[in-house]
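Visitor: Starting off with a structure, shown below.
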Amino acid sequence: DAGVTQSPTHLIKTRGQQVTLRCSPKSGHDTVSWYQQALGQGPQFIFQYYEEEERQRGNFPDRFSGHQFPNYSSELNVNALLLGDSALYLCASGAGGTTDTQYFGPGTRLTVL
Amino acid sequence: QKEVEQNSGPLSVPEGAIASLNCTYSDRGSQSFFWYRQYSGKSPELIMFIYSNGDKEDGRFTAQLNKASQYVSLLIRDSQPSDSATYLCAVGRDNQGGKLIFGQGTELSVKP
């Protein structure tokens, strides 16, 4: 039973660049949520995708966008990178677009120089 | 006031003792409560969830929920050095879809 997978594991970008992060949910799950975790902080909710639509969004600017594909995998795109975007980006897999149990992937560590 | 608050710690307990981790939340409409464990440099791992008032036990872990007091706790019995990690409390509300609100985490250190 495959768990949640994310790619890449690490990424280094410079300010102003754009980045795309990818996530495949756990087998049997159809919902993907994205979180940003700064060092020493708890994860902060970016948005959730269910049925290929953004269902809920946290307090993040429009530079953060996403997509969900028919196979339930998802992408997170961040444009015009800022130094403050450096963080661990986590994908959480769940079912039915609810707050039911969510399982995190290994994360993508993004460093913006 | 933060939506979900935890003591940042570090909380230090001797091996074999009970570790008690606490969390308070501000939204009375919150319906689902989760505890995640996060080792340094790793992603959060779900260890417990609770939806109803009272206690829920799973092995050495017990989650306690008191909605009237807006308080949720995690007890770890017979603490082991391998339990040393940051414990994150997360709170959800069904009419907000899958949005979980996390506390900043409590660092637990179990000393041999």
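Letters for chains follow the order of the structure tokens (A, B, ...), residue numbers begin at 1 for each chain, and ligand numbers begin at 1 in the order shown.
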With only C-alpha atoms as the counted atoms, please give the residues lying no more than 9 Å from Thr101 (chain A), apart from itself and same-chain residues fewer than 5 positions off, as a PyMOL selection string.
Guide: (chain A and resi 93-95) or (chain B and resi 32+34+46+49)
Visitor: Go through region 9-103 of chain A and collect every residue that DSSP, computed from the backbone, puts in strand (DSSP E); the answer should be as a count of residues only.
Guide: 48
Visitor: Taking only C-alpha atoms into account, report as a PyMOL selection string which residues of chain B lie within 10 Å of chain A.
Guide: chain B and resi 4+8+31-34+36+41-46+48-51+86-107
Visitor: List the spatial neighbours of Ala80 (chain A) as a PyMOL selection string - criterion: any atom at most 6 Å away, only C-alpha atoms, same-chain residues fewer than 4 positions off excluded.
Guide: chain A and resi 16-18
Visitor: Just the selected residues (C-alpha atoms), exported as an mmCIF file, in the first residue's frame, please.
Guide:
data_model
loop_
_atom_site.group_PDB
_atom_site.id
_atom_site.type_symbol
_atom_site.label_atom_id
_atom_site.label_comp_id
_atom_site.auth_asym_id
_atom_site.auth_seq_id
_atom_site.Cartn_x
_atom_site.Cartn_y
_atom_site.Cartn_z
ATOM 1 C CA GLY A 16 11.597 35.794 -8.466
ATOM 2 C CA GLN A 17 11.668 32.276 -9.872
ATOM 3 C CA GLN A 18 8.739 29.901 -10.067
#
Visitor: Hey, which of A:His29, A:Thr111, A:Gln68, A:Pro8 ends up closest to Leu83 (chain A)? Count only C-alpha atoms.
Guide: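 Closest candidate: A:Thr111.
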Visitor: For CA of Pro112 (chain B) and CA of Ser40 (chain B), determine how far apart the two atoms are, in Å to one decimal place.
Guide: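 We find that CA of Pro112 (chain B) and CA of Ser40 (chain B) lie 18.7 Å from each other.
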Visitor: Which residues come within 7 Å of Tyr25 (chain B), counting only C-alpha atoms, excluding same-chain residues fewer than 6 positions away, as number ranges by chain?
Guide: B: 3-5, 70-71
Visitor: Please dump the current selection as a PDB file, in the first residue's frame; keep N, CA and C atoms.
Guide:
ATOM      1  N   GLU B   3      -5.215  30.459  17.418  1.00  0.00           N
ATOM      2  CA  GLU B   3      -6.342  29.550  17.278  1.00  0.00           C
ATOM      3  C   GLU B   3      -6.090  28.230  17.996  1.00  0.00           C
ATOM      4  N   VAL B   4      -4.856  27.747  17.929  1.00  0.00           N
ATOM      5  CA  VAL B   4      -4.471  26.516  18.624  1.00  0.00           C
ATOM      6  C   VAL B   4      -3.169  26.807  19.348  1.00  0.00           C
ATOM      7  N   GLU B   5      -3.173  26.574  20.643  1.00  0.00           N
ATOM      8  CA  GLU B   5      -1.996  26.908  21.448  1.00  0.00           C
ATOM      9  C   GLU B   5      -1.434  25.679  22.137  1.00  0.00           C
ATOM     10  N   GLN B  70     -12.476  23.448  25.872  1.00  0.00           N
ATOM     11  CA  GLN B  70     -11.707  23.677  24.643  1.00  0.00           C
ATOM     12  C   GLN B  70     -10.262  23.235  24.842  1.00  0.00           C
ATOM     13  N   TYR B  71     -10.138  22.015  25.266  1.00  0.00           N
ATOM     14  CA  TYR B  71      -8.851  21.491  25.708  1.00  0.00           C
ATOM     15  C   TYR B  71      -8.700  20.057  25.214  1.00  0.00           C
TER      16      TYR B  71
END
Visitor: Take CA of Glu75 (chain A) and CA of Ser30 (chain B) and report the distance between them in Å, one decimal.
Guide: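 Those two atoms sit 28.4 Å apart.
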Visitor: So that I can check the surroundings of Ala19 (chain B), please list as a PyMOL selection string every protein, DNA and RNA residue that reaches within 7 Å of it, counting only C-alpha atoms and ignoring chain neighbours fewer than 4 positions away.
Guide: chain B and resi 13+75-77+79
Visitor: Can you work out the spacing between CA of Leu65 (chain B) and CA of Gly28 (chain A) in Å, to one decimal?
Guide: 29.0 Å
Visitor: Skipping near chain neighbours, those fewer than 2 positions away, what residues fall within 9 Å of Ser109 (chain B) using only C-alpha atoms, listed as a PyMOL selection string?
Guide: chain B and resi 10-14+81+83-86+107+111
Visitor: Considering only C-alpha atoms, state which residue in the set A:Thr9, A:Ser86, A:Ser24, A:Val19 is at the smallest distance from Arg63 (chain A).
Guide: A:Val19
Visitor: Under the rule that only C-alpha atoms are counted, which of A:Gly84, A:Ala38, A:Glu51, A:Ser74 is the nearest residue to Thr5 (chain A)?
Guide: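 Closest residue, counting only C-alpha atoms: A:Ser74.
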